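Please read the structure below before turning to the comments.
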Amino acid sequence: MNYYAVIGNPIAHSISPRLHNAAFNALGINGVYSRALLEIIDDENLQQNALKNLLFDLGLSGANITVPFKQTALNIANKADSLTEQIKSANTLIIEGDKISAYNTDAPGFLMAISEFSGISDALILGAGGTARAISYILDKNGVKVSVLNRNENRAQAFKNYNFYTPQSYQNKSHKHDLIINTTPSGLSFAGLPFDEDLLKKAMSSAKYAYDAVYGKASAFLALGKSGGLKCKDGLDMLLFQAVLAFKLFSKNNDELSITQAMRYALKLPQIKI
């Protein structure tokens, strides 16, 4: 039996176990997937030790890493693929013996999730964590102009290749975005908006789409987008697609259609017609 888990804080809301266990059962693979809560520690070295210890104490063969540990996940890895190295954030870990390999399935998962959005040339990302790194990288690689809005400048260096704003600097300039993406955990912890409502209305004034990486709740961010006439989408499809890609790494099974169908069934989504 191989053991897997999603690790984050908070973590009780995660439906990743439902997806992965459904795929294990459907494909006849001997695996179990659960949730694990990790304490948030201000010291990065201590945080890395805590994450490592949790992986090995639980005897995991692989893990998905969510908010707020995606950069820590990369930091503890012995190796990472080229995409993950470029993004500098990992959401999937494979453990073989005492070696940890890091991958990022968020970036391609996000691109698959917004495939129905057309005509995107300019995007604004709210937040500057690991998910924002993945999304900014993949959008930039696909020819989209990327801007990042964060409450302070403490992560500006990580986004030096993009326009980086604080609320104060953003208000002082005119903007025209097609897509607004919320990667902050605002929808997880409380019902409020990630930034001031007037600022968000300004950002959304010319936009066509609003996307929230949070899923499973009616977020205030998407409600604001809907009231402004934007097409809105939450993070459920991104969760699904990144999970499919992560499962392929865990199981070494490349039957993407069967994995996807099993996970869609677990989410009570319509099956893909062949």
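For the structure tokens, the naming scheme is as follows: chains receive sequential letters (A, B, ...) according to their order of presentation, residues are indexed from 1 within each chain, and ligands are indexed from 1 in presentation order.
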Nearby residues (only C-alpha atoms) at most 12 Å from Leu27 in chain A, same-chain spacing under 2 positions excluded, as a PDB file with N, CA and C atoms, in the first residue's frame:
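As a result, around25.pdb now contains:
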ATOM      1  N   HIS A  20      -8.428  11.747  -5.576  1.00  0.00           N
ATOM      2  CA  HIS A  20      -7.363  10.756  -5.739  1.00  0.00           C
ATOM      3  C   HIS A  20      -7.815   9.357  -5.336  1.00  0.00           C
ATOM      4  N   ASN A  21      -8.572   9.232  -4.258  1.00  0.00           N
ATOM      5  CA  ASN A  21      -9.053   7.910  -3.857  1.00  0.00           C
ATOM      6  C   ASN A  21     -10.016   7.331  -4.882  1.00  0.00           C
ATOM      7  N   ALA A  22     -10.805   8.188  -5.521  1.00  0.00           N
ATOM      8  CA  ALA A  22     -11.692   7.720  -6.592  1.00  0.00           C
ATOM      9  C   ALA A  22     -10.882   7.154  -7.753  1.00  0.00           C
ATOM     10  N   ALA A  23      -9.790   7.834  -8.090  1.00  0.00           N
ATOM     11  CA  ALA A  23      -8.946   7.363  -9.191  1.00  0.00           C
ATOM     12  C   ALA A  23      -8.213   6.077  -8.817  1.00  0.00           C
ATOM     13  N   PHE A  24      -7.708   5.991  -7.582  1.00  0.00           N
ATOM     14  CA  PHE A  24      -7.071   4.746  -7.138  1.00  0.00           C
ATOM     15  C   PHE A  24      -8.046   3.575  -7.260  1.00  0.00           C
ATOM     16  N   ASN A  25      -9.273   3.774  -6.798  1.00  0.00           N
ATOM     17  CA  ASN A  25     -10.275   2.704  -6.840  1.00  0.00           C
ATOM     18  C   ASN A  25     -10.645   2.336  -8.272  1.00  0.00           C
ATOM     19  N   ILE A  29      -5.573   0.630  -8.318  1.00  0.00           N
ATOM     20  CA  ILE A  29      -4.232   0.903  -7.794  1.00  0.00           C
ATOM     21  C   ILE A  29      -4.281   0.901  -6.274  1.00  0.00           C
ATOM     22  N   ASN A  30      -3.309   0.251  -5.653  1.00  0.00           N
ATOM     23  CA  ASN A  30      -3.269   0.092  -4.202  1.00  0.00           C
ATOM     24  C   ASN A  30      -2.696   1.349  -3.551  1.00  0.00           C
ATOM     25  N   GLY A  31      -3.540   2.356  -3.368  1.00  0.00           N
ATOM     26  CA  GLY A  31      -3.094   3.618  -2.783  1.00  0.00           C
ATOM     27  C   GLY A  31      -4.175   4.251  -1.934  1.00  0.00           C
ATOM     28  N   PHE A 247      -1.726  12.899 -10.181  1.00  0.00           N
ATOM     29  CA  PHE A 247      -2.005  11.464 -10.059  1.00  0.00           C
ATOM     30  C   PHE A 247      -1.158  10.660 -11.042  1.00  0.00           C
ATOM     31  N   LYS A 248      -0.964  11.183 -12.233  1.00  0.00           N
ATOM     32  CA  LYS A 248      -0.111  10.501 -13.209  1.00  0.00           C
ATOM     33  C   LYS A 248       1.312  10.347 -12.675  1.00  0.00           C
ATOM     34  N   SER A 251       1.128   7.654  -9.678  1.00  0.00           N
ATOM     35  CA  SER A 251       0.806   6.273 -10.057  1.00  0.00           C
ATOM     36  C   SER A 251       1.634   5.739 -11.215  1.00  0.00           C
ATOM     37  N   LYS A 252       2.318   6.651 -11.934  1.00  0.00           N
ATOM     38  CA  LYS A 252       3.022   6.288 -13.167  1.00  0.00           C
ATOM     39  C   LYS A 252       2.054   5.671 -14.184  1.00  0.00           C
ATOM     40  N   ASN A 253       0.793   6.061 -14.082  1.00  0.00           N
ATOM     41  CA  ASN A 253      -0.242   5.619 -15.012  1.00  0.00           C
ATOM     42  C   ASN A 253      -0.604   6.804 -15.901  1.00  0.00           C
ATOM     43  N   ASN A 254      -0.466   6.633 -17.205  1.00  0.00           N
ATOM     44  CA  ASN A 254      -0.695   7.737 -18.137  1.00  0.00           C
ATOM     45  C   ASN A 254      -2.066   7.706 -18.802  1.00  0.00           C
ATOM     46  N   ASP A 255      -2.977   6.910 -18.262  1.00  0.00           N
ATOM     47  CA  ASP A 255      -4.332   6.843 -18.819  1.00  0.00           C
ATOM     48  C   ASP A 255      -5.113   8.067 -18.335  1.00  0.00           C
ATOM     49  N   GLU A 256      -4.803   9.213 -18.952  1.00  0.00           N
ATOM     50  CA  GLU A 256      -5.355  10.485 -18.481  1.00  0.00           C
ATOM     51  C   GLU A 256      -6.876  10.526 -18.559  1.00  0.00           C
ATOM     52  N   LEU A 257      -7.445   9.919 -19.587  1.00  0.00           N
ATOM     53  CA  LEU A 257      -8.898   9.941 -19.726  1.00  0.00           C
ATOM     54  C   LEU A 257      -9.575   9.195 -18.576  1.00  0.00           C
ATOM     55  N   SER A 258      -9.086   7.999 -18.251  1.00  0.00           N
ATOM     56  CA  SER A 258      -9.689   7.218 -17.168  1.00  0.00           C
ATOM     57  C   SER A 258      -9.531   7.914 -15.824  1.00  0.00           C
ATOM     58  N   ILE A 259      -8.369   8.526 -15.603  1.00  0.00           N
ATOM     59  CA  ILE A 259      -8.140   9.271 -14.360  1.00  0.00           C
ATOM     60  C   ILE A 259      -9.122  10.436 -14.269  1.00  0.00           C
ATOM     61  N   THR A 260      -9.239  11.167 -15.376  1.00  0.00           N
ATOM     62  CA  THR A 260     -10.133  12.330 -15.405  1.00  0.00           C
ATOM     63  C   THR A 260     -11.584  11.918 -15.176  1.00  0.00           C
ATOM     64  N   GLN A 261     -12.001  10.848 -15.842  1.00  0.00           N
ATOM     65  CA  GLN A 261     -13.385  10.387 -15.690  1.00  0.00           C
ATOM     66  C   GLN A 261     -13.673   9.995 -14.243  1.00  0.00           C
ATOM     67  N   ALA A 262     -12.740   9.311 -13.601  1.00  0.00           N
ATOM     68  CA  ALA A 262     -12.934   8.887 -12.210  1.00  0.00           C
ATOM     69  C   ALA A 262     -13.057  10.090 -11.288  1.00  0.00           C
ATOM     70  N   MET A 263     -12.208  11.076 -11.517  1.00  0.00           N
ATOM     71  CA  MET A 263     -12.240  12.268 -10.666  1.00  0.00           C
ATOM     72  C   MET A 263     -13.482  13.110 -10.934  1.00  0.00           C
TER      73      MET A 263
END
Residues at most 7 Å from range 207-214 of chain A, counting only C-alpha atoms, excluding those fewer than 6 positions away in the same chain, as a list in words?
His177, Asp178, Leu179, Ile180, Ile181, Asn182, Thr183, Gly187, Leu188, Leu222, Gly225, Leu230, Lys231, Cys232, Lys233, Asp234 and Gly235 of chain A
For the selection you just gave me, I'd like the residues written to a file as a tab-separated table (two decimals), in the first residue's frame, keeping C-alpha atoms.
chain	number	residue	atom	x	y	z
A	177	HIS	CA	-7.17	43.97	-17.99
A	178	ASP	CA	-9.07	41.14	-19.68
A	179	LEU	CA	-8.81	38.69	-16.79
A	180	ILE	CA	-8.64	39.22	-13.01
A	181	ILE	CA	-7.37	36.23	-11.00
A	182	ASN	CA	-7.63	35.95	-7.24
A	183	THR	CA	-4.95	33.69	-5.76
A	187	GLY	CA	-12.23	32.96	0.28
A	188	LEU	CA	-10.89	30.26	2.59
A	222	LEU	CA	-16.65	36.38	-7.80
A	225	GLY	CA	-17.23	40.22	-10.74
A	230	LEU	CA	-17.88	39.49	-15.93
A	231	LYS	CA	-17.89	35.80	-16.76
A	232	CYS	CA	-16.84	34.15	-13.50
A	233	LYS	CA	-15.25	30.83	-12.62
A	234	ASP	CA	-13.96	29.30	-9.40
A	235	GLY	CA	-10.98	27.00	-8.91
Tell me which protein, DNA and RNA residues are within 12 Å of Asn161 in chain A, counting only C-alpha atoms, leaving out same-chain ones fewer than 5 positions away, and put them as a PyMOL selection string.
chain A and resi 87+133+136-137+140-141+145-148+156
Could you check how far CA of Glu153 in chain A sits from CA of Thr72 in chain A, in Å to one decimal?
19.6 Å
Please list as a list in words every residue within 10 Å of Ser174 in chain A, counting only C-alpha atoms and excluding residues in the same chain fewer than 4 positions away.
Tyr170, Lys202 and Ala203 of chain A
When you look at range 162-168 of chain A with a cut-off of 12 Å (counting only C-alpha atoms), what residues show up, excluding the ones that are within fewer than 4 positions of it in the same chain? I need them as a ChimeraX atom specification.
/A:122-128,132-133,136-137,139-140,144-158,172-173,175,194-200,202-203
So that I have them on file, write out the residues from the current selection with N, CA and C atoms, as a CSV table (one decimal), in the first residue's frame.
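Result went into selection.csv, see below:
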chain,number,residue,atom,x,y,z
A,122,ASP,N,-4.2,40.5,-21.4
A,122,ASP,CA,-3.7,41.2,-20.2
A,122,ASP,C,-4.4,40.7,-19.0
A,123,ALA,N,-3.6,40.2,-18.0
A,123,ALA,CA,-4.2,39.6,-16.8
A,123,ALA,C,-3.6,40.3,-15.6
A,124,LEU,N,-4.5,40.4,-14.6
A,124,LEU,CA,-4.1,40.9,-13.3
A,124,LEU,C,-4.2,39.8,-12.3
A,125,ILE,N,-3.1,39.5,-11.5
A,125,ILE,CA,-3.2,38.4,-10.5
A,125,ILE,C,-3.2,39.1,-9.2
A,126,LEU,N,-4.1,38.7,-8.3
A,126,LEU,CA,-4.2,39.2,-6.9
A,126,LEU,C,-3.5,38.2,-6.0
A,127,GLY,N,-2.5,38.7,-5.3
A,127,GLY,CA,-1.7,37.8,-4.4
A,127,GLY,C,-0.4,37.5,-5.1
A,128,ALA,N,0.6,37.1,-4.2
A,128,ALA,CA,2.0,36.8,-4.7
A,128,ALA,C,2.6,35.6,-4.1
A,132,ALA,N,0.2,32.1,-7.5
A,132,ALA,CA,0.5,33.3,-8.3
A,132,ALA,C,1.7,33.1,-9.2
A,133,ARG,N,2.7,32.5,-8.6
A,133,ARG,CA,4.0,32.3,-9.4
A,133,ARG,C,3.7,31.3,-10.6
A,136,SER,N,1.3,33.2,-13.2
A,136,SER,CA,2.0,34.3,-13.9
A,136,SER,C,3.0,33.7,-14.9
A,137,TYR,N,3.7,32.7,-14.5
A,137,TYR,CA,4.6,32.1,-15.5
A,137,TYR,C,4.0,31.5,-16.7
A,139,LEU,N,1.0,32.1,-17.9
A,139,LEU,CA,0.3,33.1,-18.8
A,139,LEU,C,1.4,33.9,-19.6
A,140,ASP,N,2.5,34.2,-19.0
A,140,ASP,CA,3.5,35.0,-19.7
A,140,ASP,C,4.1,34.1,-20.8
A,144,VAL,N,0.6,36.4,-22.7
A,144,VAL,CA,-0.3,37.3,-21.9
A,144,VAL,C,0.5,38.3,-21.1
A,145,LYS,N,0.2,39.6,-21.2
A,145,LYS,CA,0.8,40.6,-20.3
A,145,LYS,C,0.4,40.4,-18.9
A,146,VAL,N,1.3,40.3,-17.9
A,146,VAL,CA,0.9,39.9,-16.6
A,146,VAL,C,1.3,41.1,-15.6
A,147,SER,N,0.3,41.4,-14.7
A,147,SER,CA,0.5,42.3,-13.6
A,147,SER,C,0.1,41.6,-12.3
A,148,VAL,N,0.8,41.9,-11.3
A,148,VAL,CA,0.6,41.3,-10.0
A,148,VAL,C,0.3,42.4,-8.9
A,149,LEU,N,-0.7,42.2,-8.2
A,149,LEU,CA,-1.1,43.1,-7.1
A,149,LEU,C,-1.0,42.4,-5.8
A,150,ASN,N,-0.2,43.0,-4.9
A,150,ASN,CA,0.0,42.4,-3.6
A,150,ASN,C,-0.1,43.5,-2.5
A,151,ARG,N,-0.5,43.1,-1.3
A,151,ARG,CA,-0.7,44.1,-0.2
A,151,ARG,C,0.6,44.9,0.1
A,152,ASN,N,1.7,44.3,-0.1
A,152,ASN,CA,3.0,44.9,0.2
A,152,ASN,C,4.1,44.5,-0.8
A,153,GLU,N,5.3,45.0,-0.7
A,153,GLU,CA,6.3,44.8,-1.7
A,153,GLU,C,7.3,43.7,-1.3
A,154,ASN,N,6.9,42.9,-0.3
A,154,ASN,CA,7.9,41.9,0.2
A,154,ASN,C,8.2,40.8,-0.7
A,155,ARG,N,7.3,40.6,-1.7
A,155,ARG,CA,7.6,39.5,-2.7
A,155,ARG,C,7.8,40.1,-4.1
A,156,ALA,N,8.1,41.4,-4.2
A,156,ALA,CA,8.2,42.0,-5.5
A,156,ALA,C,9.4,41.4,-6.3
A,157,GLN,N,10.5,40.9,-5.7
A,157,GLN,CA,11.6,40.4,-6.4
A,157,GLN,C,11.2,39.1,-7.1
A,158,ALA,N,10.3,38.3,-6.6
A,158,ALA,CA,9.9,37.1,-7.2
A,158,ALA,C,9.1,37.3,-8.5
A,172,ASN,N,-2.7,54.7,-8.7
A,172,ASN,CA,-2.2,55.9,-9.3
A,172,ASN,C,-2.0,55.8,-10.8
A,173,LYS,N,-2.4,54.6,-11.4
A,173,LYS,CA,-2.2,54.4,-12.8
A,173,LYS,C,-3.5,53.9,-13.4
A,175,HIS,N,-5.4,51.2,-16.0
A,175,HIS,CA,-5.2,49.8,-16.4
A,175,HIS,C,-6.3,49.3,-17.2
A,194,PRO,N,-10.5,40.3,-1.3
A,194,PRO,CA,-9.0,40.3,-1.1
A,194,PRO,C,-8.4,41.7,-1.1
A,195,PHE,N,-9.1,42.7,-1.7
A,195,PHE,CA,-8.6,44.1,-1.7
A,195,PHE,C,-9.9,45.0,-1.5
A,196,ASP,N,-9.6,46.3,-1.4
A,196,ASP,CA,-10.7,47.3,-1.3
A,196,ASP,C,-11.6,47.2,-2.5
A,197,GLU,N,-12.9,47.3,-2.2
A,197,GLU,CA,-13.9,47.1,-3.3
A,197,GLU,C,-13.8,48.1,-4.4
A,198,ASP,N,-13.5,49.4,-4.1
A,198,ASP,CA,-13.3,50.4,-5.1
A,198,ASP,C,-12.1,50.0,-6.0
A,199,LEU,N,-11.0,49.5,-5.4
A,199,LEU,CA,-9.9,49.1,-6.2
A,199,LEU,C,-10.2,48.0,-7.1
A,200,LEU,N,-10.9,47.0,-6.6
A,200,LEU,CA,-11.3,45.9,-7.4
A,200,LEU,C,-12.2,46.3,-8.6
A,202,LYS,N,-12.2,49.1,-10.1
A,202,LYS,CA,-11.4,49.7,-11.0
A,202,LYS,C,-10.7,48.7,-11.9
A,203,ALA,N,-10.2,47.6,-11.3
A,203,ALA,CA,-9.5,46.6,-12.0
A,203,ALA,C,-10.4,45.8,-12.9
List the spatial neighbours of Pro10 in chain A as a list in words - criterion: any atom at most 10 Å away, only C-alpha atoms, same-chain residues fewer than 5 positions off excluded.
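Close residues of Pro10 in chain A: Ala36, Leu37, Leu38, Glu39, Ile40, Thr66, Val67, Pro68, Pro185, Leu188 and Ser189 of chain A.
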Would you mind exporting the chosen residues as an mmCIF file, in the first residue's frame, restricted to N, CA and C atoms?
data_model
loop_
_atom_site.group_PDB
_atom_site.id
_atom_site.type_symbol
_atom_site.label_atom_id
_atom_site.label_comp_id
_atom_site.auth_asym_id
_atom_site.auth_seq_id
_atom_site.Cartn_x
_atom_site.Cartn_y
_atom_site.Cartn_z
ATOM 1 N N ALA A 36 -3.329 16.341 5.590
ATOM 2 C CA ALA A 36 -2.433 16.548 6.730
ATOM 3 C C ALA A 36 -2.264 18.045 6.963
ATOM 4 N N LEU A 37 -2.470 18.456 8.201
ATOM 5 C CA LEU A 37 -2.310 19.855 8.598
ATOM 6 C C LEU A 37 -0.879 20.083 9.051
ATOM 7 N N LEU A 38 -0.256 21.137 8.539
ATOM 8 C CA LEU A 38 1.106 21.494 8.942
ATOM 9 C C LEU A 38 1.093 22.854 9.611
ATOM 10 N N GLU A 39 1.764 22.943 10.746
ATOM 11 C CA GLU A 39 1.849 24.213 11.466
ATOM 12 C C GLU A 39 2.610 25.246 10.645
ATOM 13 N N ILE A 40 2.144 26.481 10.657
ATOM 14 C CA ILE A 40 2.848 27.579 9.995
ATOM 15 C C ILE A 40 3.911 28.120 10.940
ATOM 16 N N THR A 66 -0.301 22.586 -0.684
ATOM 17 C CA THR A 66 -1.144 23.742 -0.944
ATOM 18 C C THR A 66 -0.759 24.888 -0.012
ATOM 19 N N VAL A 67 -1.589 25.929 0.005
ATOM 20 C CA VAL A 67 -1.316 27.160 0.754
ATOM 21 C C VAL A 67 -0.995 26.831 2.209
ATOM 22 N N PRO A 68 0.086 27.417 2.787
ATOM 23 C CA PRO A 68 1.025 28.379 2.184
ATOM 24 C C PRO A 68 2.430 27.804 2.017
ATOM 25 N N PRO A 185 -5.902 33.705 -0.261
ATOM 26 C CA PRO A 185 -6.778 32.766 0.456
ATOM 27 C C PRO A 185 -7.986 33.425 1.094
ATOM 28 N N LEU A 188 -10.992 31.382 1.665
ATOM 29 C CA LEU A 188 -10.886 30.256 2.587
ATOM 30 C C LEU A 188 -11.178 30.663 4.021
ATOM 31 N N SER A 189 -10.672 31.826 4.406
ATOM 32 C CA SER A 189 -10.674 32.184 5.817
ATOM 33 C C SER A 189 -11.810 33.107 6.228
#
Run DSSP on the backbone and tell me which residues of range 107-176 of chain A come out as strand (DSSP E); list them as a list in words.
Asp122, Ala123, Leu124, Ile125, Leu126, Lys145, Val146, Ser147, Val148, Leu149, Asn163, Phe164 and Tyr165 of chain A
Go ahead and save the picked residues with C-alpha atoms, as a PDB file, in the first residue's frame.
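This is the output file part.pdb:
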ATOM      1  CA  ASP A 122      -3.707  41.223 -20.249  1.00  0.00           C
ATOM      2  CA  ALA A 123      -4.212  39.639 -16.820  1.00  0.00           C
ATOM      3  CA  LEU A 124      -4.052  40.932 -13.261  1.00  0.00           C
ATOM      4  CA  ILE A 125      -3.157  38.446 -10.528  1.00  0.00           C
ATOM      5  CA  LEU A 126      -4.178  39.221  -6.949  1.00  0.00           C
ATOM      6  CA  LYS A 145       0.843  40.588 -20.301  1.00  0.00           C
ATOM      7  CA  VAL A 146       0.933  39.922 -16.550  1.00  0.00           C
ATOM      8  CA  SER A 147       0.509  42.318 -13.634  1.00  0.00           C
ATOM      9  CA  VAL A 148       0.603  41.313  -9.959  1.00  0.00           C
ATOM     10  CA  LEU A 149      -1.134  43.145  -7.119  1.00  0.00           C
ATOM     11  CA  ASN A 163       4.346  44.711 -13.454  1.00  0.00           C
ATOM     12  CA  PHE A 164       4.161  44.570  -9.653  1.00  0.00           C
ATOM     13  CA  TYR A 165       1.839  46.831  -7.679  1.00  0.00           C
TER      14      TYR A 165
END
DSSP on the backbone: what in range 18-255 of chain A comes out helix (DSSP H, G or I), as number ranges by chain?
A: 18-27, 44-57, 70-75, 82-87, 106-113, 130-141, 156-159, 167-171, 186-189, 197-204, 220-227, 236-251
For Leu19 in chain A, the nearest of the candidates A:Tyr215, A:Lys70, A:Ser34, A:Ile95, counting only C-alpha atoms:
A:Ser34
For Glu44 in chain A, list every protein, DNA or RNA residue within 10 Å, evaluated using only C-alpha atoms, and leave out those in the same chain fewer than 3 positions away; present the list as a ChimeraX atom specification.
/A:40-41,47-50,71-72,75
What would the file look like if the residues just selected were written as a CSV table (one decimal), in the first residue's frame with N, CA and C atoms?
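Listing of result.csv after writing:
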chain,number,residue,atom,x,y,z
A,40,ILE,N,2.1,26.5,10.7
A,40,ILE,CA,2.8,27.6,10.0
A,40,ILE,C,3.9,28.1,10.9
A,41,ILE,N,5.2,28.1,10.5
A,41,ILE,CA,6.3,28.6,11.3
A,41,ILE,C,7.0,29.8,10.5
A,47,GLN,N,10.5,25.7,9.1
A,47,GLN,CA,9.3,25.3,8.3
A,47,GLN,C,9.7,24.1,7.3
A,48,GLN,N,10.9,24.2,6.7
A,48,GLN,CA,11.4,23.1,5.9
A,48,GLN,C,11.5,21.8,6.6
A,49,ASN,N,12.1,21.9,7.8
A,49,ASN,CA,12.3,20.7,8.7
A,49,ASN,C,10.9,20.1,9.0
A,50,ALA,N,10.0,21.0,9.3
A,50,ALA,CA,8.7,20.5,9.7
A,50,ALA,C,8.0,19.8,8.6
A,71,GLN,N,6.4,27.2,-1.8
A,71,GLN,CA,7.8,27.5,-2.0
A,71,GLN,C,8.7,26.7,-1.1
A,72,THR,N,8.2,26.4,0.1
A,72,THR,CA,8.9,25.5,1.0
A,72,THR,C,9.0,24.2,0.4
A,75,ASN,N,11.9,24.1,-1.8
A,75,ASN,CA,13.1,24.3,-1.1
A,75,ASN,C,13.7,23.0,-0.5
Each range 98-147 of chain A residue no farther than 10 Å from range 76-84 of chain A, nearest pair in Å, only C-alpha atoms, as a tab-separated table:
residue	atom	partner	partner_atom	distance
A:Asp98	CA	A:Asn78	CA	9.3
A:Lys99	CA	A:Asn78	CA	6.1
A:Ile100	CA	A:Ala77	CA	4.9
A:Ser101	CA	A:Lys79	CA	5.0
A:Ala102	CA	A:Ala80	CA	4.6
A:Tyr103	CA	A:Thr84	CA	5.5
A:Asn104	CA	A:Thr84	CA	5.3
A:Thr105	CA	A:Thr84	CA	8.7
A:Asp106	CA	A:Thr84	CA	9.9
A:Ala107	CA	A:Leu83	CA	8.8
A:Pro108	CA	A:Leu83	CA	9.9
A:Ala134	CA	A:Thr84	CA	8.5
A:Tyr137	CA	A:Leu83	CA	9.3
A:Ile138	CA	A:Leu83	CA	9.4
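Using only C-alpha atoms for every distance, the candidate list A:Gly143, A:Gly119, A:Gly129, A:Gly216 yields A:Gly216 as the residue closest to His13 in chain A.
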Which value, in Å to one decimal, gives the distance between CA of Ala218 in chain A and CA of Pro17 in chain A?
21.6 Å
Between CA of Leu46 in chain A and CA of Leu74 in chain A, what is the distance, to one decimal in Å?
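Calculated distance between CA of Leu46 in chain A and CA of Leu74 in chain A is 14.6 Å.
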Pick from A:Val6, A:Leu93, A:Met204, A:Ala113: nearest to Ser227 in chain A, with only C-alpha atoms counted?
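The closest residue to Ser227 in chain A is A:Met204.
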